[in-house]
Amino acid sequence: MSFPETRLSTHMSGSSKETERRLRNLFVRHKRPALVLAAAVTLCICLCGGLVACKMLPVNDEIRLEELYDPTGTSLGEDVQQELLTCIDGENGTLVAGHYYDDYPRYTLVIGVEGENAQLLGPVYSTGSSGGMPHISTFQKDGVDYLLYTVNGGHQGSTYGEAGLIAFDGADFTWVWPVEGDLRQQDSQAWADYQAYWEDKLALLCPGGVELFQQSEHFVPMSPGDKQWYFSQRIRFTQEEPAVPDEIMDRLRNILEDATRDQNNPWRANNTSAQWQIAQVTPGEDTLCGRRYTLLATSVWNEADWLGMEVLLDIVSDDDGTYNVPCMLRIATGSREEVEDFLAEENRQTETLSLTTASGRKLSVELEMEPLYQEPNYLAVEQIRVYENGTLLQTFEPKAVWSIESFYLNEGMFMIRNGSVGGLDVRDLNFDGSSDLGILAVYPFPYNLPYAWFLWNEAESRFVFSTCLFSDPTLNEANQQVVEHIRGDVGRREEAVYVWTADGKLEQISYRQLSW
């Protein structure tokens with residue numbers, strides 16, 4: 001059999017001598033070149049081994065993100081930026097979440113499981129939006145790793161979004177909220193239920209879970225009227241004890257929504273909602289106007305935008321579960337550092353007045369106050385201390401004041417500075433010769449000005465709460481009567497006359513209705 005010759009063909013002789021000569025030329029005459037060749041081959045083998053060893057080193061974030069992004073088929077633009085959000089190591093893989101975005105701005109969240117060398121072990125889940133960024137939170141519960149995500153976007157004055165909680169078993173992941181199943185299978189019932197769930201809902205991350213919002217049916221973009229999103233409920237997924245009860249968190253969320261609907265929002269627009277996600281709530285001291293709470297929130301759209309808020313919430317509620325108007329102390333937006341520096345600044349004001357008792361004792365009453373955010377001439381009286389010759393005699397205890405069974409006192413204590421009404425009222429209300437202290441007890445007030453009255457008790461060397469009167473009373477010293485004028489319904493006013501009983505209580509002796 002003959003074979004065609006090629007450029008690689010070699011003529012070989014069939015004689016034994018010729019064969020011997022060829023073998024000698026290979027192994028005898030060229031010993032050094034053969035050693036060089038052997039060394040070169042050895043080096044190549046070592047280099048190949050080095051290449052294998054490099055692949056066993058930890059995968060860097062860039063390679064990991066590129067491998068995660070490729071299968072999505074998502075086209076964001078020419079200059080796509082990428083950010084690794086989290087990695088959770090499991091026994092048979094690593095759960096990876098990546099954020100990809102362009103300058104439009106559009107973004108995509110991709111979640112997948114990788115093995116060695118960033119090789120994907122299965123299909124990924126990808127979803128995205130425009131105008132914002134994804135937010136995630138990870139935690140462990142009962143030995144299982146969880147990843148909670150929100151994906152929100154906005155367009156022409158409207159916002160929308162979705163969220164989900166996935167469980168990672170160390171090899172693969174599945175959804176456990178708001179549906180159960182695998183959303184990577186878009187022909188599944190879980191996918192259909194998921195899409196239906198988020199048609200009229202939106203979620204924001206909060207400590208330990210999410211805050212759900214329900215969409216209004218009457219919202220019209222770029223138009224005054226109903227806001228788009230109303231806070232609905234809070235869902236907690238972690239087992240850790242919250243810093244504040246849910247009922248307080250609910251109130252703070254609604255206060256935040258009211259305060260940022262037309263101002264102090266990231267869009268700097270009117271009629272906005274659900275634009276700040278609460279990152280931290282810190283309870284503070286009890287004051288005479290309620291308990292202080294400090295709130296920090298971050299923008300849904302830009303992690304560089306932060307909001308800080310301080311508010312006083314009444315400690316107790318009425319029997320029907322309703323609460324009184326909260327006292328917004330201050331609110332600020334900016335970077336996190338700017339907001340925290342602003343909240344760290346001292347905002348309280350101190351005012352001292354002198355009183356004289358029937359026995360001639362000279363007292364100094366120190367009021368610690370803080371202006372309200374939208375009405376700086378309206379001050380919340382937070383602490384009251386009484387001194388005699390520099391010695392502290394009494395501190396008004398907030399819980400003791402709040403426990404007094406008087407509807408109007410539940411509002412707190414206030415003072416209006418530079419106004420014709422609402423200032424401190426210092427006079428001898430019970431005609432015993434000692435100055436007593438009257439403090440405005442409501443905010444705001446539509447008609448009447450209820451005052452909480454604290455009478456000096458010489459035997460106890462302190463002021464004791466006595467009563468709450470609807471308005472600035474008139475004192476009839478000749479008859480030792482307290483006359484109260486009350487504004488009732490339109491075209492009607494009332495007058496009540498009181499006298500002091502032997503046990504120091506006001507007793508009504510007459511009442512009549514007067515016309516204007």
# chains A, B, ... in the order shown; residues from 1 in each chain; ligands from 1
$ residues_around --residues "A:Pro71" --least-positions-apart "3" --cutoff "8 Å" --atoms "only C-alpha atoms" --output "ChimeraX atom specification"
/A:67-68,123-124
$ closest_atom_pairs --of "stretch 80-179 of chain A" --to "stretch 207-214 of chain A" --cutoff "10 Å" --atoms "only C-alpha atoms" --output "JSON lines"
{"residue": "A:Ser137", "atom": "CA", "partner": "A:Gly209", "partner_atom": "CA", "distance": 8.5}
{"residue": "A:Thr138", "atom": "CA", "partner": "A:Gly208", "partner_atom": "CA", "distance": 9.7}
{"residue": "A:Phe139", "atom": "CA", "partner": "A:Gly208", "partner_atom": "CA", "distance": 9.0}
{"residue": "A:Leu148", "atom": "CA", "partner": "A:Gly209", "partner_atom": "CA", "distance": 7.9}
{"residue": "A:Tyr149", "atom": "CA", "partner": "A:Val210", "partner_atom": "CA", "distance": 9.4}
{"residue": "A:Thr150", "atom": "CA", "partner": "A:Val210", "partner_atom": "CA", "distance": 8.8}
{"residue": "A:Ala163", "atom": "CA", "partner": "A:Val210", "partner_atom": "CA", "distance": 8.9}
{"residue": "A:Gly164", "atom": "CA", "partner": "A:Val210", "partner_atom": "CA", "distance": 9.8}
{"residue": "A:Leu165", "atom": "CA", "partner": "A:Gly209", "partner_atom": "CA", "distance": 9.5}
$ residues_around --residues "A:Leu343" --least-positions-apart "5" --cutoff "9 Å" --atoms "only C-alpha atoms" --output "list in words"
Thr294, Gly308, Met309, Glu310, Arg330, Ile331, Ala332 and Glu338 of chain A
$ closest_residue --among "A:Val497, A:Val381, A:Ala274, A:Ala358" --to "A:Gly161" --atoms "only C-alpha atoms"
A:Ala274
$ select_by_dssp --residues "stretch 170-320 of chain A" --states "strand (DSSP E)" --output "CSV table (one decimal) with N, CA and C atoms, in the first residue's frame"
chain,number,residue,atom,x,y,z
A,173,PHE,N,-31.7,27.6,45.2
A,173,PHE,CA,-32.6,28.4,45.9
A,173,PHE,C,-34.0,28.4,45.4
A,174,THR,N,-34.9,28.8,46.2
A,174,THR,CA,-36.3,28.8,45.8
A,174,THR,C,-37.0,29.9,46.6
A,175,TRP,N,-38.2,30.4,46.1
A,175,TRP,CA,-38.9,31.5,46.8
A,175,TRP,C,-39.8,30.9,47.9
A,176,VAL,N,-39.9,31.7,49.0
A,176,VAL,CA,-40.8,31.4,50.1
A,176,VAL,C,-41.8,32.5,50.4
A,177,TRP,N,-41.5,33.7,49.7
A,177,TRP,CA,-42.5,34.8,49.9
A,177,TRP,C,-42.3,35.7,48.7
A,201,LYS,N,-49.1,46.5,44.5
A,201,LYS,CA,-48.4,46.5,45.8
A,201,LYS,C,-47.0,47.0,45.5
A,202,LEU,N,-46.3,47.5,46.6
A,202,LEU,CA,-44.9,47.9,46.5
A,202,LEU,C,-44.3,47.6,47.9
A,203,ALA,N,-43.0,47.2,47.9
A,203,ALA,CA,-42.4,46.9,49.2
A,203,ALA,C,-41.1,47.7,49.3
A,204,LEU,N,-40.8,48.1,50.6
A,204,LEU,CA,-39.6,48.7,50.9
A,204,LEU,C,-38.9,47.9,52.1
A,205,LEU,N,-37.6,47.8,52.0
A,205,LEU,CA,-36.9,47.1,53.1
A,205,LEU,C,-37.0,47.9,54.4
A,206,CYS,N,-37.1,47.2,55.5
A,206,CYS,CA,-37.1,47.9,56.8
A,206,CYS,C,-36.3,46.9,57.7
A,209,GLY,N,-37.3,43.0,57.9
A,209,GLY,CA,-38.3,42.6,56.9
A,209,GLY,C,-38.7,43.7,55.9
A,210,VAL,N,-39.9,43.8,55.5
A,210,VAL,CA,-40.4,44.8,54.5
A,210,VAL,C,-41.6,45.5,55.0
A,211,GLU,N,-41.8,46.7,54.5
A,211,GLU,CA,-43.0,47.4,54.7
A,211,GLU,C,-43.8,47.4,53.4
A,212,LEU,N,-45.1,47.0,53.4
A,212,LEU,CA,-45.9,46.8,52.2
A,212,LEU,C,-46.8,48.1,52.1
A,213,PHE,N,-46.9,48.5,50.8
A,213,PHE,CA,-47.8,49.6,50.5
A,213,PHE,C,-48.8,49.1,49.5
A,214,GLN,N,-50.0,49.7,49.6
A,214,GLN,CA,-51.1,49.4,48.7
A,214,GLN,C,-51.3,50.6,47.8
A,215,GLN,N,-51.6,50.3,46.5
A,215,GLN,CA,-51.8,51.3,45.6
A,215,GLN,C,-53.2,51.9,45.6
A,229,TRP,N,-49.2,55.5,46.9
A,229,TRP,CA,-49.0,54.4,47.8
A,229,TRP,C,-49.4,54.8,49.2
A,230,TYR,N,-50.1,53.9,49.9
A,230,TYR,CA,-50.5,54.0,51.3
A,230,TYR,C,-49.9,52.8,52.0
A,231,PHE,N,-49.3,53.1,53.2
A,231,PHE,CA,-48.7,52.1,54.0
A,231,PHE,C,-49.8,51.1,54.4
A,232,SER,N,-49.5,49.8,54.3
A,232,SER,CA,-50.5,48.8,54.5
A,232,SER,C,-50.1,47.9,55.8
A,233,GLN,N,-48.9,47.3,55.7
A,233,GLN,CA,-48.5,46.4,56.8
A,233,GLN,C,-47.0,46.2,56.8
A,234,ARG,N,-46.5,45.7,57.9
A,234,ARG,CA,-45.1,45.3,58.0
A,234,ARG,C,-45.0,43.8,58.2
A,235,ILE,N,-44.1,43.2,57.5
A,235,ILE,CA,-43.9,41.8,57.6
A,235,ILE,C,-42.4,41.6,58.1
A,236,ARG,N,-42.3,40.9,59.2
A,236,ARG,CA,-41.0,40.6,59.7
A,236,ARG,C,-40.6,39.2,59.4
A,276,TRP,N,-38.7,56.7,50.8
A,276,TRP,CA,-37.6,56.5,51.8
A,276,TRP,C,-37.8,55.1,52.5
A,277,GLN,N,-36.8,54.3,52.5
A,277,GLN,CA,-36.9,53.1,53.3
A,277,GLN,C,-36.1,53.2,54.6
A,278,ILE,N,-36.8,52.9,55.7
A,278,ILE,CA,-36.3,53.1,57.0
A,278,ILE,C,-35.2,52.1,57.3
A,279,ALA,N,-34.0,52.7,57.7
A,279,ALA,CA,-32.9,51.9,58.0
A,279,ALA,C,-32.7,51.7,59.5
A,280,GLN,N,-33.1,52.7,60.3
A,280,GLN,CA,-32.8,52.6,61.7
A,280,GLN,C,-33.8,53.5,62.5
A,281,VAL,N,-34.3,53.0,63.6
A,281,VAL,CA,-35.1,53.8,64.5
A,281,VAL,C,-34.6,53.6,65.9
A,282,THR,N,-34.3,54.7,66.6
A,282,THR,CA,-33.7,54.7,67.9
A,282,THR,C,-34.6,55.4,68.9
A,283,PRO,N,-35.1,54.6,69.9
A,283,PRO,CA,-35.9,55.3,70.9
A,283,PRO,C,-35.1,56.1,71.9
A,284,GLY,N,-35.6,57.2,72.3
A,284,GLY,CA,-34.8,58.1,73.2
A,284,GLY,C,-35.5,58.3,74.6
A,285,GLU,N,-35.3,59.4,75.1
A,285,GLU,CA,-35.8,59.7,76.5
A,285,GLU,C,-37.3,60.0,76.5
A,286,ASP,N,-37.9,59.8,77.6
A,286,ASP,CA,-39.3,60.2,77.8
A,286,ASP,C,-39.3,61.7,78.2
A,287,THR,N,-40.2,62.5,77.6
A,287,THR,CA,-40.4,63.9,77.9
A,287,THR,C,-41.8,64.2,78.2
A,290,GLY,N,-44.0,63.4,75.3
A,290,GLY,CA,-44.0,62.1,74.7
A,290,GLY,C,-42.5,61.5,74.7
A,291,ARG,N,-42.4,60.3,74.1
A,291,ARG,CA,-41.1,59.7,74.0
A,291,ARG,C,-40.4,60.2,72.7
A,292,ARG,N,-39.1,60.4,72.8
A,292,ARG,CA,-38.4,60.9,71.6
A,292,ARG,C,-38.0,59.7,70.7
A,293,TYR,N,-38.1,59.8,69.4
A,293,TYR,CA,-37.7,58.8,68.5
A,293,TYR,C,-36.9,59.4,67.4
A,294,THR,N,-35.7,58.8,67.1
A,294,THR,CA,-34.9,59.3,66.0
A,294,THR,C,-34.9,58.3,64.9
A,295,LEU,N,-35.2,58.7,63.7
A,295,LEU,CA,-35.3,57.8,62.5
A,295,LEU,C,-34.3,58.2,61.4
A,296,LEU,N,-33.7,57.2,60.9
A,296,LEU,CA,-32.8,57.4,59.7
A,296,LEU,C,-33.4,56.5,58.6
A,297,ALA,N,-33.4,57.1,57.4
A,297,ALA,CA,-33.9,56.5,56.2
A,297,ALA,C,-33.0,56.8,55.0
A,298,THR,N,-33.0,55.8,54.1
A,298,THR,CA,-32.2,56.0,52.9
A,298,THR,C,-33.1,56.0,51.7
A,299,SER,N,-32.7,56.7,50.6
A,299,SER,CA,-33.5,56.8,49.4
A,299,SER,C,-33.6,55.5,48.7
A,306,TRP,N,-29.9,60.5,52.2
A,306,TRP,CA,-30.4,60.1,53.5
A,306,TRP,C,-31.4,61.1,54.1
A,307,LEU,N,-32.2,60.6,55.0
A,307,LEU,CA,-33.1,61.5,55.7
A,307,LEU,C,-33.0,61.2,57.2
A,308,GLY,N,-33.0,62.2,58.0
A,308,GLY,CA,-33.1,62.1,59.5
A,308,GLY,C,-34.3,62.8,60.0
A,309,MET,N,-34.9,62.2,61.0
A,309,MET,CA,-36.1,62.8,61.6
A,309,MET,C,-36.2,62.6,63.1
A,310,GLU,N,-36.6,63.6,63.9
A,310,GLU,CA,-36.8,63.4,65.3
A,310,GLU,C,-38.2,63.8,65.6
A,311,VAL,N,-38.9,63.0,66.4
A,311,VAL,CA,-40.3,63.2,66.6
A,311,VAL,C,-40.6,62.8,68.1
A,312,LEU,N,-41.6,63.4,68.7
A,312,LEU,CA,-42.1,63.0,70.0
A,312,LEU,C,-43.5,62.4,69.8
A,313,LEU,N,-43.6,61.2,70.4
A,313,LEU,CA,-44.9,60.4,70.3
A,313,LEU,C,-45.4,60.3,71.7
$ select_by_dssp --residues "stretch 242-312 of chain A" --states "helix (DSSP H, G or I)" --output "ChimeraX atom specification"
/A:246-260
$ write_last_selection --atoms "C-alpha atoms" --output "PDB file, in the first residue's frame"
ATOM      1  CA  ASP A 246     -44.638  47.587  65.439  1.00  0.00           C
ATOM      2  CA  GLU A 247     -47.359  50.040  66.465  1.00  0.00           C
ATOM      3  CA  ILE A 248     -44.679  52.720  66.929  1.00  0.00           C
ATOM      4  CA  MET A 249     -43.040  51.786  63.628  1.00  0.00           C
ATOM      5  CA  ASP A 250     -46.428  52.100  61.918  1.00  0.00           C
ATOM      6  CA  ARG A 251     -46.925  55.580  63.313  1.00  0.00           C
ATOM      7  CA  LEU A 252     -43.414  56.661  62.342  1.00  0.00           C
ATOM      8  CA  ARG A 253     -43.919  55.391  58.802  1.00  0.00           C
ATOM      9  CA  ASN A 254     -47.141  57.381  58.419  1.00  0.00           C
ATOM     10  CA  ILE A 255     -45.497  60.485  59.906  1.00  0.00           C
ATOM     11  CA  LEU A 256     -42.618  60.077  57.468  1.00  0.00           C
ATOM     12  CA  GLU A 257     -45.014  59.752  54.524  1.00  0.00           C
ATOM     13  CA  ASP A 258     -46.917  62.896  55.531  1.00  0.00           C
ATOM     14  CA  ALA A 259     -43.714  64.886  56.060  1.00  0.00           C
ATOM     15  CA  THR A 260     -42.197  63.950  52.680  1.00  0.00           C
TER      16      THR A 260
END
$ atom_distance --atom1 "atom CA of A:Asn457" --atom2 "atom CA of A:Trp500"
14.7 Å
$ atom_distance --atom1 "atom CA of A:Glu368" --atom2 "atom CA of A:Leu353"
11.8 Å
$ closest_atom_pairs --of "stretch 135-211 of chain A" --to "stretch 99-105 of chain A" --cutoff "12 Å" --atoms "only C-alpha atoms" --output "tab-separated table"
residue	atom	partner	partner_atom	distance
A:His135	CA	A:His99	CA	9.5
A:Ile136	CA	A:His99	CA	10.5
A:Tyr149	CA	A:His99	CA	11.6
A:Val151	CA	A:His99	CA	10.8
A:Gly153	CA	A:Pro105	CA	10.1
A:Gly154	CA	A:Pro105	CA	10.7
A:His155	CA	A:Pro105	CA	11.2
$ write_last_selection --atoms "N, CA and C atoms" --output "JSON list (two decimals), in the first residue's frame"
[["chain", "number", "residue", "atom", "x", "y", "z"],
["A", 135, "HIS", "N", -32.21, 46.63, 46.30],
["A", 135, "HIS", "CA", -31.79, 46.60, 47.70],
["A", 135, "HIS", "C", -31.96, 45.18, 48.21],
["A", 136, "ILE", "N", -30.98, 44.71, 48.99],
["A", 136, "ILE", "CA", -31.04, 43.33, 49.49],
["A", 136, "ILE", "C", -30.72, 43.30, 50.98],
["A", 149, "TYR", "N", -34.95, 40.73, 48.76],
["A", 149, "TYR", "CA", -34.61, 41.78, 47.79],
["A", 149, "TYR", "C", -35.84, 42.63, 47.47],
["A", 151, "VAL", "N", -36.95, 45.49, 44.29],
["A", 151, "VAL", "CA", -36.61, 46.08, 42.99],
["A", 151, "VAL", "C", -37.70, 47.08, 42.66],
["A", 153, "GLY", "N", -38.87, 50.92, 40.69],
["A", 153, "GLY", "CA", -38.56, 51.83, 39.60],
["A", 153, "GLY", "C", -39.59, 52.93, 39.51],
["A", 154, "GLY", "N", -39.33, 53.91, 38.66],
["A", 154, "GLY", "CA", -40.26, 55.02, 38.51],
["A", 154, "GLY", "C", -40.24, 55.57, 37.11],
["A", 155, "HIS", "N", -41.38, 56.15, 36.71],
["A", 155, "HIS", "CA", -41.48, 56.71, 35.36],
["A", 155, "HIS", "C", -42.63, 57.72, 35.33]]
$ residues_around --residues "A:Asp70" --least-positions-apart "3" --cutoff "12 Å" --atoms "only C-alpha atoms" --output "PyMOL selection string"
chain A and resi 63-67+73-75+98+100+110+112+118-120+123-124+126
$ decode --residues "stretch 463-497 of chain A" --atoms "N, CA and C atoms" --output "PDB file, in the first residue's frame"
ATOM      1  N   PHE A 463     -44.663  71.168  93.110  1.00  0.00           N
ATOM      2  CA  PHE A 463     -45.882  71.468  92.377  1.00  0.00           C
ATOM      3  C   PHE A 463     -46.639  70.169  92.130  1.00  0.00           C
ATOM      4  N   VAL A 464     -47.958  70.223  92.300  1.00  0.00           N
ATOM      5  CA  VAL A 464     -48.807  69.051  92.139  1.00  0.00           C
ATOM      6  C   VAL A 464     -49.877  69.373  91.105  1.00  0.00           C
ATOM      7  N   PHE A 465     -50.071  68.443  90.172  1.00  0.00           N
ATOM      8  CA  PHE A 465     -51.109  68.665  89.172  1.00  0.00           C
ATOM      9  C   PHE A 465     -52.474  68.768  89.842  1.00  0.00           C
ATOM     10  N   SER A 466     -53.265  69.763  89.390  1.00  0.00           N
ATOM     11  CA  SER A 466     -54.582  69.993  89.982  1.00  0.00           C
ATOM     12  C   SER A 466     -55.703  69.749  88.985  1.00  0.00           C
ATOM     13  N   THR A 467     -55.668  70.436  87.854  1.00  0.00           N
ATOM     14  CA  THR A 467     -56.787  70.351  86.927  1.00  0.00           C
ATOM     15  C   THR A 467     -56.365  70.828  85.552  1.00  0.00           C
ATOM     16  N   CYS A 468     -57.248  70.624  84.601  1.00  0.00           N
ATOM     17  CA  CYS A 468     -57.040  71.123  83.244  1.00  0.00           C
ATOM     18  C   CYS A 468     -58.258  71.961  82.873  1.00  0.00           C
ATOM     19  N   LEU A 469     -58.054  73.253  82.609  1.00  0.00           N
ATOM     20  CA  LEU A 469     -59.141  74.164  82.269  1.00  0.00           C
ATOM     21  C   LEU A 469     -59.125  74.456  80.777  1.00  0.00           C
ATOM     22  N   PHE A 470     -60.314  74.660  80.222  1.00  0.00           N
ATOM     23  CA  PHE A 470     -60.454  74.823  78.785  1.00  0.00           C
ATOM     24  C   PHE A 470     -59.785  76.079  78.252  1.00  0.00           C
ATOM     25  N   SER A 471     -59.765  77.118  79.051  1.00  0.00           N
ATOM     26  CA  SER A 471     -59.298  78.383  78.504  1.00  0.00           C
ATOM     27  C   SER A 471     -58.650  79.226  79.591  1.00  0.00           C
ATOM     28  N   ASP A 472     -58.186  80.391  79.176  1.00  0.00           N
ATOM     29  CA  ASP A 472     -57.597  81.337  80.104  1.00  0.00           C
ATOM     30  C   ASP A 472     -58.659  81.762  81.111  1.00  0.00           C
ATOM     31  N   PRO A 473     -58.541  81.353  82.382  1.00  0.00           N
ATOM     32  CA  PRO A 473     -59.606  81.633  83.343  1.00  0.00           C
ATOM     33  C   PRO A 473     -59.549  83.066  83.890  1.00  0.00           C
ATOM     34  N   THR A 474     -60.685  83.519  84.367  1.00  0.00           N
ATOM     35  CA  THR A 474     -60.781  84.790  85.092  1.00  0.00           C
ATOM     36  C   THR A 474     -60.901  84.477  86.578  1.00  0.00           C
ATOM     37  N   LEU A 475     -60.113  85.183  87.410  1.00  0.00           N
ATOM     38  CA  LEU A 475     -60.128  84.929  88.848  1.00  0.00           C
ATOM     39  C   LEU A 475     -60.952  86.009  89.551  1.00  0.00           C
ATOM     40  N   ASN A 476     -61.946  85.570  90.268  1.00  0.00           N
ATOM     41  CA  ASN A 476     -62.758  86.464  91.099  1.00  0.00           C
ATOM     42  C   ASN A 476     -62.227  86.353  92.526  1.00  0.00           C
ATOM     43  N   GLU A 477     -61.253  87.234  92.847  1.00  0.00           N
ATOM     44  CA  GLU A 477     -60.580  87.134  94.141  1.00  0.00           C
ATOM     45  C   GLU A 477     -61.513  87.443  95.301  1.00  0.00           C
ATOM     46  N   ALA A 478     -62.467  88.337  95.077  1.00  0.00           N
ATOM     47  CA  ALA A 478     -63.379  88.695  96.171  1.00  0.00           C
ATOM     48  C   ALA A 478     -64.172  87.493  96.634  1.00  0.00           C
ATOM     49  N   ASN A 479     -64.643  86.692  95.689  1.00  0.00           N
ATOM     50  CA  ASN A 479     -65.435  85.501  96.017  1.00  0.00           C
ATOM     51  C   ASN A 479     -64.610  84.211  95.946  1.00  0.00           C
ATOM     52  N   GLN A 480     -63.317  84.360  95.614  1.00  0.00           N
ATOM     53  CA  GLN A 480     -62.414  83.216  95.445  1.00  0.00           C
ATOM     54  C   GLN A 480     -63.030  82.163  94.500  1.00  0.00           C
ATOM     55  N   GLN A 481     -63.373  82.675  93.326  1.00  0.00           N
ATOM     56  CA  GLN A 481     -63.979  81.838  92.304  1.00  0.00           C
ATOM     57  C   GLN A 481     -63.100  81.838  91.041  1.00  0.00           C
ATOM     58  N   VAL A 482     -63.108  80.722  90.347  1.00  0.00           N
ATOM     59  CA  VAL A 482     -62.418  80.583  89.061  1.00  0.00           C
ATOM     60  C   VAL A 482     -63.492  80.511  87.985  1.00  0.00           C
ATOM     61  N   VAL A 483     -63.442  81.444  87.033  1.00  0.00           N
ATOM     62  CA  VAL A 483     -64.448  81.516  85.984  1.00  0.00           C
ATOM     63  C   VAL A 483     -63.808  81.059  84.668  1.00  0.00           C
ATOM     64  N   GLU A 484     -64.418  80.053  84.069  1.00  0.00           N
ATOM     65  CA  GLU A 484     -63.884  79.462  82.830  1.00  0.00           C
ATOM     66  C   GLU A 484     -64.788  79.834  81.661  1.00  0.00           C
ATOM     67  N   HIS A 485     -64.190  80.339  80.583  1.00  0.00           N
ATOM     68  CA  HIS A 485     -64.933  80.711  79.389  1.00  0.00           C
ATOM     69  C   HIS A 485     -64.602  79.700  78.286  1.00  0.00           C
ATOM     70  N   ILE A 486     -65.635  79.084  77.744  1.00  0.00           N
ATOM     71  CA  ILE A 486     -65.456  78.013  76.763  1.00  0.00           C
ATOM     72  C   ILE A 486     -66.163  78.389  75.474  1.00  0.00           C
ATOM     73  N   ARG A 487     -65.479  78.240  74.387  1.00  0.00           N
ATOM     74  CA  ARG A 487     -66.099  78.446  73.083  1.00  0.00           C
ATOM     75  C   ARG A 487     -66.684  77.134  72.620  1.00  0.00           C
ATOM     76  N   GLY A 488     -67.979  77.110  72.384  1.00  0.00           N
ATOM     77  CA  GLY A 488     -68.647  75.895  71.945  1.00  0.00           C
ATOM     78  C   GLY A 488     -68.876  75.901  70.455  1.00  0.00           C
ATOM     79  N   ASP A 489     -70.034  75.404  70.026  1.00  0.00           N
ATOM     80  CA  ASP A 489     -70.363  75.381  68.610  1.00  0.00           C
ATOM     81  C   ASP A 489     -70.491  76.802  68.079  1.00  0.00           C
ATOM     82  N   VAL A 490     -70.628  76.909  66.761  1.00  0.00           N
ATOM     83  CA  VAL A 490     -70.722  78.220  66.117  1.00  0.00           C
ATOM     84  C   VAL A 490     -71.880  78.992  66.714  1.00  0.00           C
ATOM     85  N   GLY A 491     -71.607  80.244  67.118  1.00  0.00           N
ATOM     86  CA  GLY A 491     -72.645  81.091  67.684  1.00  0.00           C
ATOM     87  C   GLY A 491     -72.958  80.803  69.138  1.00  0.00           C
ATOM     88  N   ARG A 492     -72.092  80.057  69.816  1.00  0.00           N
ATOM     89  CA  ARG A 492     -72.393  79.692  71.201  1.00  0.00           C
ATOM     90  C   ARG A 492     -71.113  79.681  72.036  1.00  0.00           C
ATOM     91  N   ARG A 493     -71.227  80.200  73.255  1.00  0.00           N
ATOM     92  CA  ARG A 493     -70.112  80.112  74.200  1.00  0.00           C
ATOM     93  C   ARG A 493     -70.668  79.758  75.575  1.00  0.00           C
ATOM     94  N   GLU A 494     -69.784  79.239  76.408  1.00  0.00           N
ATOM     95  CA  GLU A 494     -70.212  78.736  77.701  1.00  0.00           C
ATOM     96  C   GLU A 494     -69.383  79.366  78.814  1.00  0.00           C
ATOM     97  N   GLU A 495     -69.977  79.427  79.989  1.00  0.00           N
ATOM     98  CA  GLU A 495     -69.269  79.964  81.157  1.00  0.00           C
ATOM     99  C   GLU A 495     -69.495  79.026  82.330  1.00  0.00           C
ATOM    100  N   ALA A 496     -68.399  78.610  82.958  1.00  0.00           N
ATOM    101  CA  ALA A 496     -68.466  77.742  84.134  1.00  0.00           C
ATOM    102  C   ALA A 496     -67.756  78.428  85.287  1.00  0.00           C
ATOM    103  N   VAL A 497     -68.372  78.357  86.464  1.00  0.00           N
ATOM    104  CA  VAL A 497     -67.810  78.990  87.653  1.00  0.00           C
ATOM    105  C   VAL A 497     -67.473  77.897  88.672  1.00  0.00           C
TER     106      VAL A 497
END
